[in-house]
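Text of model.pdb, listed as PDB, C-alpha atoms:
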ATOM      1  CA  MET T   1     -34.034 -60.237  88.432
ATOM      2  CA  SER T   2     -30.625 -58.605  88.348
ATOM      3  CA  GLY T   3     -28.849 -61.582  86.803
ATOM      4  CA  SER T   4     -26.774 -61.316  83.650
ATOM      5  CA  TRP T   5     -28.979 -63.672  81.654
ATOM      6  CA  PRO T   6     -31.313 -62.184  79.054
ATOM      7  CA  GLN T   7     -34.940 -62.034  80.122
ATOM      8  CA  ARG T   8     -35.933 -63.498  76.749
ATOM      9  CA  ASP T   9     -34.188 -66.770  77.652
ATOM     10  CA  HIS T  10     -35.915 -67.211  81.022
ATOM     11  CA  PRO T  11     -39.202 -65.344  80.971
ATOM     12  CA  HIS T  12     -40.527 -67.254  83.987
ATOM     13  CA  LEU T  13     -37.702 -66.377  86.382
ATOM     14  CA  HIS T  14     -38.419 -63.588  88.852
ATOM     15  CA  THR T  15     -37.431 -62.544  92.347
ATOM     16  CA  GLY T  16     -40.221 -64.643  93.825
ATOM     17  CA  ASN T  17     -38.959 -67.972  92.483
ATOM     18  CA  CYS T  18     -35.197 -67.703  92.204
ATOM     19  CA  GLN T  19     -32.119 -66.405  93.960
ATOM     20  CA  ILE T  20     -28.632 -65.823  92.586
ATOM     21  CA  THR T  21     -26.143 -68.001  94.437
ATOM     22  CA  SER T  22     -22.836 -67.255  92.688
ATOM     23  CA  PRO T  23     -21.261 -64.722  90.327
ATOM     24  CA  ALA T  24     -21.270 -65.288  86.570
ATOM     25  CA  THR T  25     -18.353 -67.407  85.363
ATOM     26  CA  ASN T  26     -17.204 -69.439  82.382
ATOM     27  CA  ALA T  27     -15.505 -71.962  84.647
ATOM     28  CA  TYR T  28     -18.322 -74.516  84.631
ATOM     29  CA  ASN T  29     -21.678 -75.126  83.020
ATOM     30  CA  CYS T  30     -24.961 -76.702  83.987
ATOM     31  CA  LEU T  31     -24.033 -80.255  83.013
ATOM     32  CA  ALA T  32     -20.995 -80.160  85.304
ATOM     33  CA  TRP T  33     -22.811 -78.250  88.051
ATOM     34  CA  ALA T  34     -25.645 -80.779  88.149
ATOM     35  CA  ALA T  35     -23.010 -83.445  88.772
ATOM     36  CA  GLY T  36     -21.497 -81.387  91.584
ATOM     37  CA  ASN T  37     -18.504 -80.145  89.571
ATOM     38  CA  SER T  38     -17.637 -76.433  89.596
ATOM     39  CA  LYS T  39     -14.244 -76.717  87.890
ATOM     40  CA  GLN T  40     -15.041 -77.800  84.334
ATOM     41  CA  TRP T  41     -17.191 -77.009  81.333
ATOM     42  CA  TRP T  42     -18.677 -80.296  80.124
ATOM     43  CA  ASP T  43     -19.547 -80.442  76.454
ATOM     44  CA  PRO T  44     -19.455 -83.116  73.765
ATOM     45  CA  ASN T  45     -17.360 -80.829  71.566
ATOM     46  CA  GLY T  46     -13.942 -82.454  71.250
ATOM     47  CA  LEU T  47     -12.122 -79.481  72.735
ATOM     48  CA  TYR T  48     -13.936 -79.770  76.081
ATOM     49  CA  TYR T  49     -14.266 -82.291  78.890
ATOM     50  CA  TRP T  50     -16.658 -85.145  78.249
ATOM     51  CA  PRO T  51     -16.738 -88.419  80.201
ATOM     52  CA  LYS T  52     -14.787 -91.180  78.523
ATOM     53  CA  GLY T  53     -16.870 -93.688  76.660
ATOM     54  CA  VAL T  54     -19.851 -91.386  76.172
ATOM     55  CA  PRO T  55     -20.507 -90.437  72.528
ATOM     56  CA  ARG T  56     -19.399 -86.908  71.780
ATOM     57  CA  GLU T  57     -22.706 -85.832  70.297
ATOM     58  CA  VAL T  58     -25.408 -83.345  71.248
ATOM     59  CA  THR T  59     -28.126 -85.893  71.916
ATOM     60  CA  LEU T  60     -30.404 -86.695  74.809
ATOM     61  CA  ASP T  61     -29.040 -90.224  74.856
ATOM     62  CA  ALA T  62     -25.466 -89.007  75.292
ATOM     63  CA  VAL T  63     -26.430 -86.708  78.167
ATOM     64  CA  LEU T  64     -28.349 -89.509  79.875
ATOM     65  CA  GLN T  65     -25.256 -91.706  79.537
ATOM     66  CA  VAL T  66     -23.159 -89.033  81.260
ATOM     67  CA  TYR T  67     -25.330 -89.253  84.357
ATOM     68  CA  GLU T  68     -25.814 -93.008  84.141
ATOM     69  CA  ARG T  69     -22.063 -93.302  84.609
ATOM     70  CA  LEU T  70     -22.459 -91.322  87.816
ATOM     71  CA  GLY T  71     -25.105 -93.716  89.084
ATOM     72  CA  PHE T  72     -28.260 -91.892  88.029
ATOM     73  CA  GLY T  73     -31.271 -93.549  86.446
ATOM     74  CA  ILE T  74     -34.572 -92.258  85.157
ATOM     75  CA  CYS T  75     -37.207 -91.797  87.863
ATOM     76  CA  VAL T  76     -40.854 -90.796  87.957
ATOM     77  CA  GLY T  77     -40.798 -87.218  89.208
ATOM     78  CA  GLY T  78     -38.941 -84.381  90.880
ATOM     79  CA  GLU T  79     -40.475 -84.581  94.341
ATOM     80  CA  LEU T  80     -38.017 -84.490  97.218
ATOM     81  CA  GLU T  81     -37.169 -88.008  98.374
ATOM     82  CA  VAL T  82     -35.024 -88.440 101.454
ATOM     83  CA  GLY T  83     -31.857 -90.355 100.635
ATOM     84  CA  PHE T  84     -31.892 -89.575  96.920
ATOM     85  CA  ASP T  85     -30.134 -87.057  94.679
ATOM     86  CA  LYS T  86     -32.175 -85.848  91.738
ATOM     87  CA  ILE T  87     -31.380 -84.161  88.437
ATOM     88  CA  ALA T  88     -33.813 -82.708  85.896
ATOM     89  CA  ILE T  89     -32.922 -82.865  82.194
ATOM     90  CA  PHE T  90     -34.327 -80.163  79.928
ATOM     91  CA  VAL T  91     -34.712 -80.469  76.166
ATOM     92  CA  LYS T  92     -36.018 -78.379  73.319
ATOM     93  CA  GLU T  93     -37.151 -79.537  69.922
ATOM     94  CA  ILE T  94     -35.665 -77.925  66.836
ATOM     95  CA  GLY T  95     -37.281 -79.512  63.818
ATOM     96  CA  PRO T  96     -36.656 -83.242  64.046
ATOM     97  CA  ARG T  97     -33.882 -82.826  66.635
ATOM     98  CA  ILE T  98     -34.360 -83.134  70.375
ATOM     99  CA  ILE T  99     -31.587 -81.040  71.880
ATOM    100  CA  PRO T 100     -30.538 -81.560  75.505
ATOM    101  CA  THR T 101     -30.192 -78.020  76.765
ATOM    102  CA  HIS T 102     -29.892 -77.983  80.517
ATOM    103  CA  ALA T 103     -29.549 -79.960  83.733
ATOM    104  CA  ALA T 104     -30.690 -78.798  87.171
ATOM    105  CA  ARG T 105     -29.831 -80.460  90.499
ATOM    106  CA  GLN T 106     -32.155 -80.784  93.468
ATOM    107  CA  LEU T 107     -30.959 -79.329  96.764
ATOM    108  CA  GLU T 108     -31.636 -80.894 100.146
ATOM    109  CA  SER T 109     -34.321 -78.262 100.719
ATOM    110  CA  GLY T 110     -36.235 -79.547  97.709
ATOM    111  CA  GLU T 111     -35.381 -76.421  95.688
ATOM    112  CA  TRP T 112     -33.270 -76.707  92.562
ATOM    113  CA  THR T 113     -29.936 -75.252  91.542
ATOM    114  CA  SER T 114     -29.048 -74.312  87.967
ATOM    115  CA  LYS T 115     -25.983 -72.838  86.315
ATOM    116  CA  LEU T 116     -27.272 -70.618  83.522
ATOM    117  CA  GLY T 117     -24.705 -71.004  80.752
ATOM    118  CA  ALA T 118     -21.860 -68.559  81.306
ATOM    119  CA  CYS T 119     -24.084 -66.532  83.633
ATOM    120  CA  GLU T 120     -24.712 -67.018  87.361
ATOM    121  CA  ASP T 121     -25.930 -70.095  89.139
ATOM    122  CA  ILE T 122     -29.224 -69.787  90.934
ATOM    123  CA  SER T 123     -31.502 -71.666  93.273
ATOM    124  CA  HIS T 124     -35.065 -71.843  92.037
ATOM    125  CA  ASN T 125     -38.400 -73.388  92.751
ATOM    126  CA  PRO T 126     -40.196 -74.905  90.937
ATOM    127  CA  VAL T 127     -37.756 -76.791  88.781
ATOM    128  CA  ASP T 128     -39.319 -75.529  85.571
ATOM    129  CA  ALA T 129     -38.895 -71.869  86.493
ATOM    130  CA  VAL T 130     -35.989 -71.942  84.012
ATOM    131  CA  ARG T 131     -38.116 -73.268  81.164
ATOM    132  CA  GLY T 132     -38.455 -71.121  78.078
ATOM    133  CA  PRO T 133     -36.934 -70.496  74.658
ATOM    134  CA  ALA T 134     -33.384 -71.278  75.777
ATOM    135  CA  TYR T 135     -33.916 -74.516  77.692
ATOM    136  CA  GLY T 136     -37.282 -75.781  76.542
ATOM    137  CA  GLU T 137     -39.034 -78.030  79.048
ATOM    138  CA  VAL T 138     -38.147 -80.747  81.568
ATOM    139  CA  LYS T 139     -38.014 -84.096  79.795
ATOM    140  CA  TYR T 140     -36.672 -86.503  82.433
ATOM    141  CA  PHE T 141     -35.936 -86.687  86.104
ATOM    142  CA  LEU T 142     -32.983 -88.815  87.200
ATOM    143  CA  SER T 143     -32.199 -90.078  90.682
ATOM    144  CA  ARG T 144     -29.593 -92.050  92.596
ATOM    145  CA  ALA T 145     -29.142 -93.030  96.191
ATOM    146  CA  LYS T 146     -27.191 -90.404  98.090
ATOM    147  CA  GLN T 147     -23.543 -91.265  98.335
ATOM    148  CA  ALA T 148     -21.629 -91.196 101.608
ATOM    149  CA  VAL T 149     -19.342 -88.150 101.729
TER     150      VAL T 149
ATOM    151  CA  MET B   1       2.180 -76.194  63.894
ATOM    152  CA  ARG B   2       1.487 -73.324  61.574
ATOM    153  CA  ASN B   3       3.382 -70.105  62.009
ATOM    154  CA  PHE B   4       1.555 -66.804  61.865
ATOM    155  CA  ILE B   5       3.236 -63.580  60.992
ATOM    156  CA  PHE B   6       1.530 -60.396  62.001
ATOM    157  CA  VAL B   7       2.186 -56.705  61.881
ATOM    158  CA  ILE B   8       4.514 -55.595  64.642
ATOM    159  CA  GLU B   9       3.708 -52.876  67.129
ATOM    160  CA  ALA B  10       0.046 -53.422  66.396
ATOM    161  CA  SER B  11      -1.072 -52.568  69.907
ATOM    162  CA  LYS B  12       0.136 -48.984  69.588
ATOM    163  CA  VAL B  13      -1.422 -48.656  66.152
ATOM    164  CA  VAL B  14      -4.730 -49.994  67.436
ATOM    165  CA  THR B  15      -4.834 -47.658  70.421
ATOM    166  CA  VAL B  16      -3.895 -44.497  68.526
ATOM    167  CA  GLY B  17      -5.922 -45.477  65.498
ATOM    168  CA  MET B  18      -9.135 -46.155  67.411
ATOM    169  CA  ALA B  19      -8.965 -42.779  69.118
ATOM    170  CA  ALA B  20      -8.310 -41.044  65.811
ATOM    171  CA  TYR B  21     -11.081 -42.981  64.060
ATOM    172  CA  PHE B  22     -13.749 -41.977  66.532
ATOM    173  CA  PHE B  23     -12.466 -38.410  66.713
ATOM    174  CA  ILE B  24     -12.512 -37.854  62.972
ATOM    175  CA  PHE B  25     -15.597 -39.819  61.965
ATOM    176  CA  GLY B  26     -17.526 -38.625  64.982
ATOM    177  CA  ALA B  27     -16.786 -35.039  64.006
ATOM    178  CA  ALA B  28     -17.610 -35.723  60.352
ATOM    179  CA  TYR B  29     -21.033 -37.165  61.120
ATOM    180  CA  ALA B  30     -21.819 -34.339  63.501
ATOM    181  CA  ALA B  31     -21.024 -31.850  60.768
ATOM    182  CA  GLU B  32     -23.435 -33.336  58.239
ATOM    183  CA  PRO B  33     -26.176 -30.911  57.123
ATOM    184  CA  GLN B  34     -29.406 -31.571  58.993
ATOM    185  CA  ASP B  35     -31.730 -29.004  57.365
ATOM    186  CA  VAL B  36     -34.042 -31.171  55.264
ATOM    187  CA  CYS B  37     -36.352 -28.203  54.524
ATOM    188  CA  ALA B  38     -33.781 -26.301  52.486
ATOM    189  CA  GLY B  39     -34.076 -26.359  48.706
ATOM    190  CA  ALA B  40     -30.603 -27.680  47.998
ATOM    191  CA  PRO B  41     -29.962 -31.404  48.490
ATOM    192  CA  PRO B  42     -27.948 -32.277  51.597
ATOM    193  CA  GLN B  43     -24.200 -32.256  51.132
ATOM    194  CA  LEU B  44     -22.221 -35.218  52.417
ATOM    195  CA  VAL B  45     -19.137 -33.740  54.024
ATOM    196  CA  ARG B  46     -17.507 -37.029  54.970
ATOM    197  CA  SER B  47     -14.391 -37.796  52.964
ATOM    198  CA  VAL B  48     -14.635 -40.718  50.552
ATOM    199  CA  ASN B  49     -11.195 -41.961  51.510
ATOM    200  CA  PRO B  50     -10.478 -42.612  55.170
ATOM    201  CA  PRO B  51      -7.412 -40.951  56.644
ATOM    202  CA  PRO B  52      -4.297 -42.994  55.916
ATOM    203  CA  PHE B  53      -3.670 -43.789  59.609
ATOM    204  CA  VAL B  54      -6.982 -45.671  59.963
ATOM    205  CA  THR B  55      -5.369 -48.929  59.003
ATOM    206  CA  GLU B  56      -6.926 -52.263  58.183
ATOM    207  CA  ALA B  57      -5.644 -53.493  61.540
ATOM    208  CA  VAL B  58      -7.589 -50.775  63.347
ATOM    209  CA  GLU B  59     -10.763 -51.469  61.415
ATOM    210  CA  ARG B  60     -10.345 -55.188  62.096
ATOM    211  CA  ALA B  61      -9.936 -54.559  65.830
ATOM    212  CA  ILE B  62     -13.016 -52.358  65.944
ATOM    213  CA  ARG B  63     -15.053 -54.948  64.045
ATOM    214  CA  PHE B  64     -13.813 -57.741  66.317
ATOM    215  CA  HIS B  65     -14.835 -55.937  69.486
ATOM    216  CA  ARG B  66     -18.253 -55.125  68.065
ATOM    217  CA  LEU B  67     -18.736 -58.793  67.194
ATOM    218  CA  VAL B  68     -17.651 -59.876  70.684
ATOM    219  CA  ALA B  69     -20.331 -57.648  72.219
ATOM    220  CA  GLN B  70     -22.873 -58.924  69.699
ATOM    221  CA  TRP B  71     -21.957 -62.532  70.479
ATOM    222  CA  HIS B  72     -22.418 -62.020  74.218
ATOM    223  CA  GLU B  73     -25.889 -60.705  73.495
ATOM    224  CA  GLU B  74     -26.748 -63.462  71.037
ATOM    225  CA  ARG B  75     -25.602 -66.458  73.062
ATOM    226  CA  GLY B  76     -27.695 -65.653  76.115
ATOM    227  CA  ALA B  77     -27.658 -68.381  78.764
ATOM    228  CA  THR B  78     -26.883 -71.352  76.558
ATOM    229  CA  SER B  79     -24.582 -74.041  77.924
ATOM    230  CA  LEU B  80     -24.008 -75.831  74.631
ATOM    231  CA  MET B  81     -20.902 -75.064  72.622
ATOM    232  CA  GLU B  82     -22.819 -75.952  69.464
ATOM    233  CA  GLU B  83     -25.223 -73.120  70.183
ATOM    234  CA  MET B  84     -22.445 -70.743  71.190
ATOM    235  CA  TYR B  85     -20.292 -71.111  68.110
ATOM    236  CA  THR B  86     -23.142 -71.132  65.607
ATOM    237  CA  ARG B  87     -24.320 -67.664  66.607
ATOM    238  CA  PRO B  88     -23.906 -65.191  63.719
ATOM    239  CA  ALA B  89     -21.351 -63.009  65.508
ATOM    240  CA  TYR B  90     -19.113 -65.959  66.416
ATOM    241  CA  LEU B  91     -19.293 -67.261  62.859
ATOM    242  CA  SER B  92     -18.364 -63.800  61.621
ATOM    243  CA  ILE B  93     -15.333 -63.767  63.902
ATOM    244  CA  MET B  94     -14.215 -67.166  62.600
ATOM    245  CA  ALA B  95     -14.741 -65.941  59.039
ATOM    246  CA  MET B  96     -12.267 -63.115  59.653
ATOM    247  CA  GLY B  97      -9.565 -65.737  59.235
ATOM    248  CA  PRO B  98      -5.959 -65.908  60.491
ATOM    249  CA  GLU B  99      -5.734 -62.144  60.938
ATOM    250  CA  VAL B 100      -8.113 -62.367  63.918
ATOM    251  CA  VAL B 101      -6.046 -64.905  65.865
ATOM    252  CA  ARG B 102      -3.878 -62.163  67.330
ATOM    253  CA  LEU B 103      -6.975 -60.301  68.526
ATOM    254  CA  ILE B 104      -8.470 -63.427  70.094
ATOM    255  CA  ILE B 105      -5.225 -64.214  71.882
ATOM    256  CA  ARG B 106      -5.094 -60.675  73.228
ATOM    257  CA  GLN B 107      -8.726 -61.001  74.330
ATOM    258  CA  LEU B 108      -7.875 -64.223  76.176
ATOM    259  CA  ARG B 109      -5.050 -62.413  77.954
ATOM    260  CA  LEU B 110      -7.407 -59.650  79.027
ATOM    261  CA  GLU B 111      -9.950 -62.145  80.344
ATOM    262  CA  GLY B 112      -7.363 -63.608  82.714
ATOM    263  CA  GLU B 113      -8.728 -66.251  85.074
ATOM    264  CA  ASN B 114     -12.217 -66.199  83.552
ATOM    265  CA  PRO B 115     -11.502 -66.813  79.873
ATOM    266  CA  ASP B 116     -14.323 -66.951  77.387
ATOM    267  CA  HIS B 117     -15.022 -69.682  74.841
ATOM    268  CA  TRP B 118     -12.545 -68.764  72.112
ATOM    269  CA  PHE B 119     -11.163 -72.255  71.691
ATOM    270  CA  VAL B 120     -13.483 -73.418  68.933
ATOM    271  CA  ALA B 121     -12.649 -70.311  66.915
ATOM    272  CA  LEU B 122      -8.912 -70.714  67.456
ATOM    273  CA  HIS B 123      -9.070 -74.406  66.597
ATOM    274  CA  TYR B 124     -11.041 -73.674  63.429
ATOM    275  CA  ILE B 125      -8.994 -70.738  62.192
ATOM    276  CA  THR B 126      -5.666 -72.460  62.802
ATOM    277  CA  GLU B 127      -6.957 -75.484  60.868
ATOM    278  CA  GLY B 128      -6.873 -77.968  63.698
ATOM    279  CA  VAL B 129      -4.349 -76.744  66.243
ATOM    280  CA  ASP B 130      -5.198 -77.945  69.764
ATOM    281  CA  PRO B 131      -2.435 -77.269  72.297
ATOM    282  CA  VAL B 132      -4.597 -78.286  75.293
ATOM    283  CA  PRO B 133      -3.606 -81.587  76.959
ATOM    284  CA  ASP B 134      -6.480 -84.041  77.394
ATOM    285  CA  GLU B 135      -6.375 -83.717  81.174
ATOM    286  CA  ASP B 136      -6.966 -79.951  80.932
ATOM    287  CA  LYS B 137      -9.950 -80.044  78.598
ATOM    288  CA  GLY B 138     -12.940 -78.354  80.198
ATOM    289  CA  ASP B 139     -10.774 -76.345  82.603
ATOM    290  CA  LEU B 140     -11.029 -73.008  80.829
ATOM    291  CA  ALA B 141      -8.238 -71.295  82.741
ATOM    292  CA  ARG B 142      -5.842 -74.088  81.780
ATOM    293  CA  MET B 143      -7.146 -74.193  78.231
ATOM    294  CA  SER B 144      -6.488 -70.476  77.963
ATOM    295  CA  LYS B 145      -2.996 -70.904  79.400
ATOM    296  CA  ALA B 146      -2.193 -73.580  76.814
ATOM    297  CA  TRP B 147      -3.315 -71.316  73.964
ATOM    298  CA  LEU B 148      -1.390 -68.335  75.320
ATOM    299  CA  GLU B 149       1.750 -70.477  75.509
ATOM    300  CA  TRP B 150       1.113 -71.671  71.968
ATOM    301  CA  ALA B 151       0.738 -68.067  70.860
ATOM    302  CA  GLU B 152       4.024 -67.051  72.448
ATOM    303  CA  GLN B 153       5.793 -69.670  70.372
ATOM    304  CA  ASP B 154       3.893 -69.402  67.130
ATOM    305  CA  ILE B 155       2.700 -65.850  66.609
ATOM    306  CA  ASP B 156       3.690 -62.303  67.284
ATOM    307  CA  VAL B 157       0.805 -61.000  69.340
ATOM    308  CA  GLY B 158       2.268 -57.517  69.641
TER     309      GLY B 158
END
Serialized structure, structure tokens:
Amino acid sequence: MSGSWPQRDHPHLHTGNCQITSPATNAYNCLAWAAGNSKQWWDPNGLYYWPKGVPREVTLDAVLQVYERLGFGICVGGELEVGFDKIAIFVKEIGPRIIPTHAARQLESGEWTSKLGACEDISHNPVDAVRGPAYGEVKYFLSRAKQAV
Amino acid sequence: MRNFIFVIEASKVVTVGMAAYFFIFGAAYAAEPQDVCAGAPPQLVRSVNPPPFVTEAVERAIRFHRLVAQWHEERGATSLMEEMYTRPAYLSIMAMGPEVVRLIIRQLRLEGENPDHWFVALHYITEGVDPVPDEDKGDLARMSKAWLEWAEQDIDVG
């Protein structure tokens, strides 16, 4: 791939399973992008945007609360279901800590879209094409009924 | 808010100094003896004392820019601020202390509408300053603007 991300972070990404869909930018990150926001960097650090009422801590529970407030709940799997939006939550384990590392959003085609840190956003299939040392593995899938635009 | 006082006209010193640094040290290294087969031990021709115009400010600027490049390499594709600011290069930048604030502010200016994540470092080094209104948190362009306005009032960026 010709993306700006290091190969070491995403060893499973290649031209056959992903496509770059926007230029690299610091304007937004994966947590915001999965929620459909391309204007903000969401992070529990106190200097950044974080939804009100959600604990400002780097925990899986806090990240799940972010999406619960947007109407998402845990579901069984990442298969395409008509009428539902889906998000995949990635985690990696560092010692006793389970660190939420990444969120990917399902597109209407059934493929997934991910913003890779400060690098590009991409569409990819399967969802775990972005697994690896940086993001770990998919831990949960979340879903909600599609909202009227 | 804390006031920071910095050396004036630093931008000219940095520009001239960097060129001179590379010119002189590049030439000095190139002139080092390379013949390891000769009987006499190699002679180090580089001067012990750097030229007087290679100032601390120049060396600091060079170190900062090396650390920025190192940080970009180290952080990879992480989305978490915790992972970004605990990378060795970012920690080294924060450890440079108040003297590096001017360089970070100048870096933010250069980055324009796509500012990088310098806010944790600025917040830490200035011991808690946070000029960004709550409604602008997460909007990096606005966060950068708030810090640049703070810098205009509180420090001489040069």
**Q.** Proximal residues of chain B relative to chain T (only C-alpha atoms; 7 Å) as number ranges by chain
**A.** B: 76-81, 114-116, 137-140
(Q) Could you list, as a list in words, every residue matched by the PyMOL selection byres ((chain B and resi 87-104) around 6) in this structure? (A) Leu67, Trp71, Met84, Tyr85, Thr86, Ile105, Arg106, Gln107, Ala121, Ile125 and Val157 of chain B
Residues of the last selection are to be written out with C-alpha atoms, as a CSV table (one decimal), in the coordinates of the input.
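Saved result, part.csv, follows:
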chain,number,residue,atom,x,y,z
B,67,LEU,CA,-18.7,-58.8,67.2
B,71,TRP,CA,-22.0,-62.5,70.5
B,84,MET,CA,-22.4,-70.7,71.2
B,85,TYR,CA,-20.3,-71.1,68.1
B,86,THR,CA,-23.1,-71.1,65.6
B,105,ILE,CA,-5.2,-64.2,71.9
B,106,ARG,CA,-5.1,-60.7,73.2
B,107,GLN,CA,-8.7,-61.0,74.3
B,121,ALA,CA,-12.6,-70.3,66.9
B,125,ILE,CA,-9.0,-70.7,62.2
B,157,VAL,CA,0.8,-61.0,69.3
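Here CA of Val127 (chain T) stands at a distance of 12.9 Å from CA of Gln19 (chain T).
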Q | Distance query region 86-97 of chain T at most 8 Å, all atoms listed in the file, self and fewer than 4 positions along chain excluded, as a ChimeraX atom specification | A | /T:34,60,78,101-106,127,131,134-144
Output, as JSON, the centre and edge lengths in Å (one decimal) of the axis-aligned box that contains all listed atoms of region 20-24 of chain T with 3 Å of margin on each side.
{"center_x": -24.9, "center_y": -66.4, "center_z": 90.5, "size_x": 13.4, "size_y": 9.3, "size_z": 13.9}
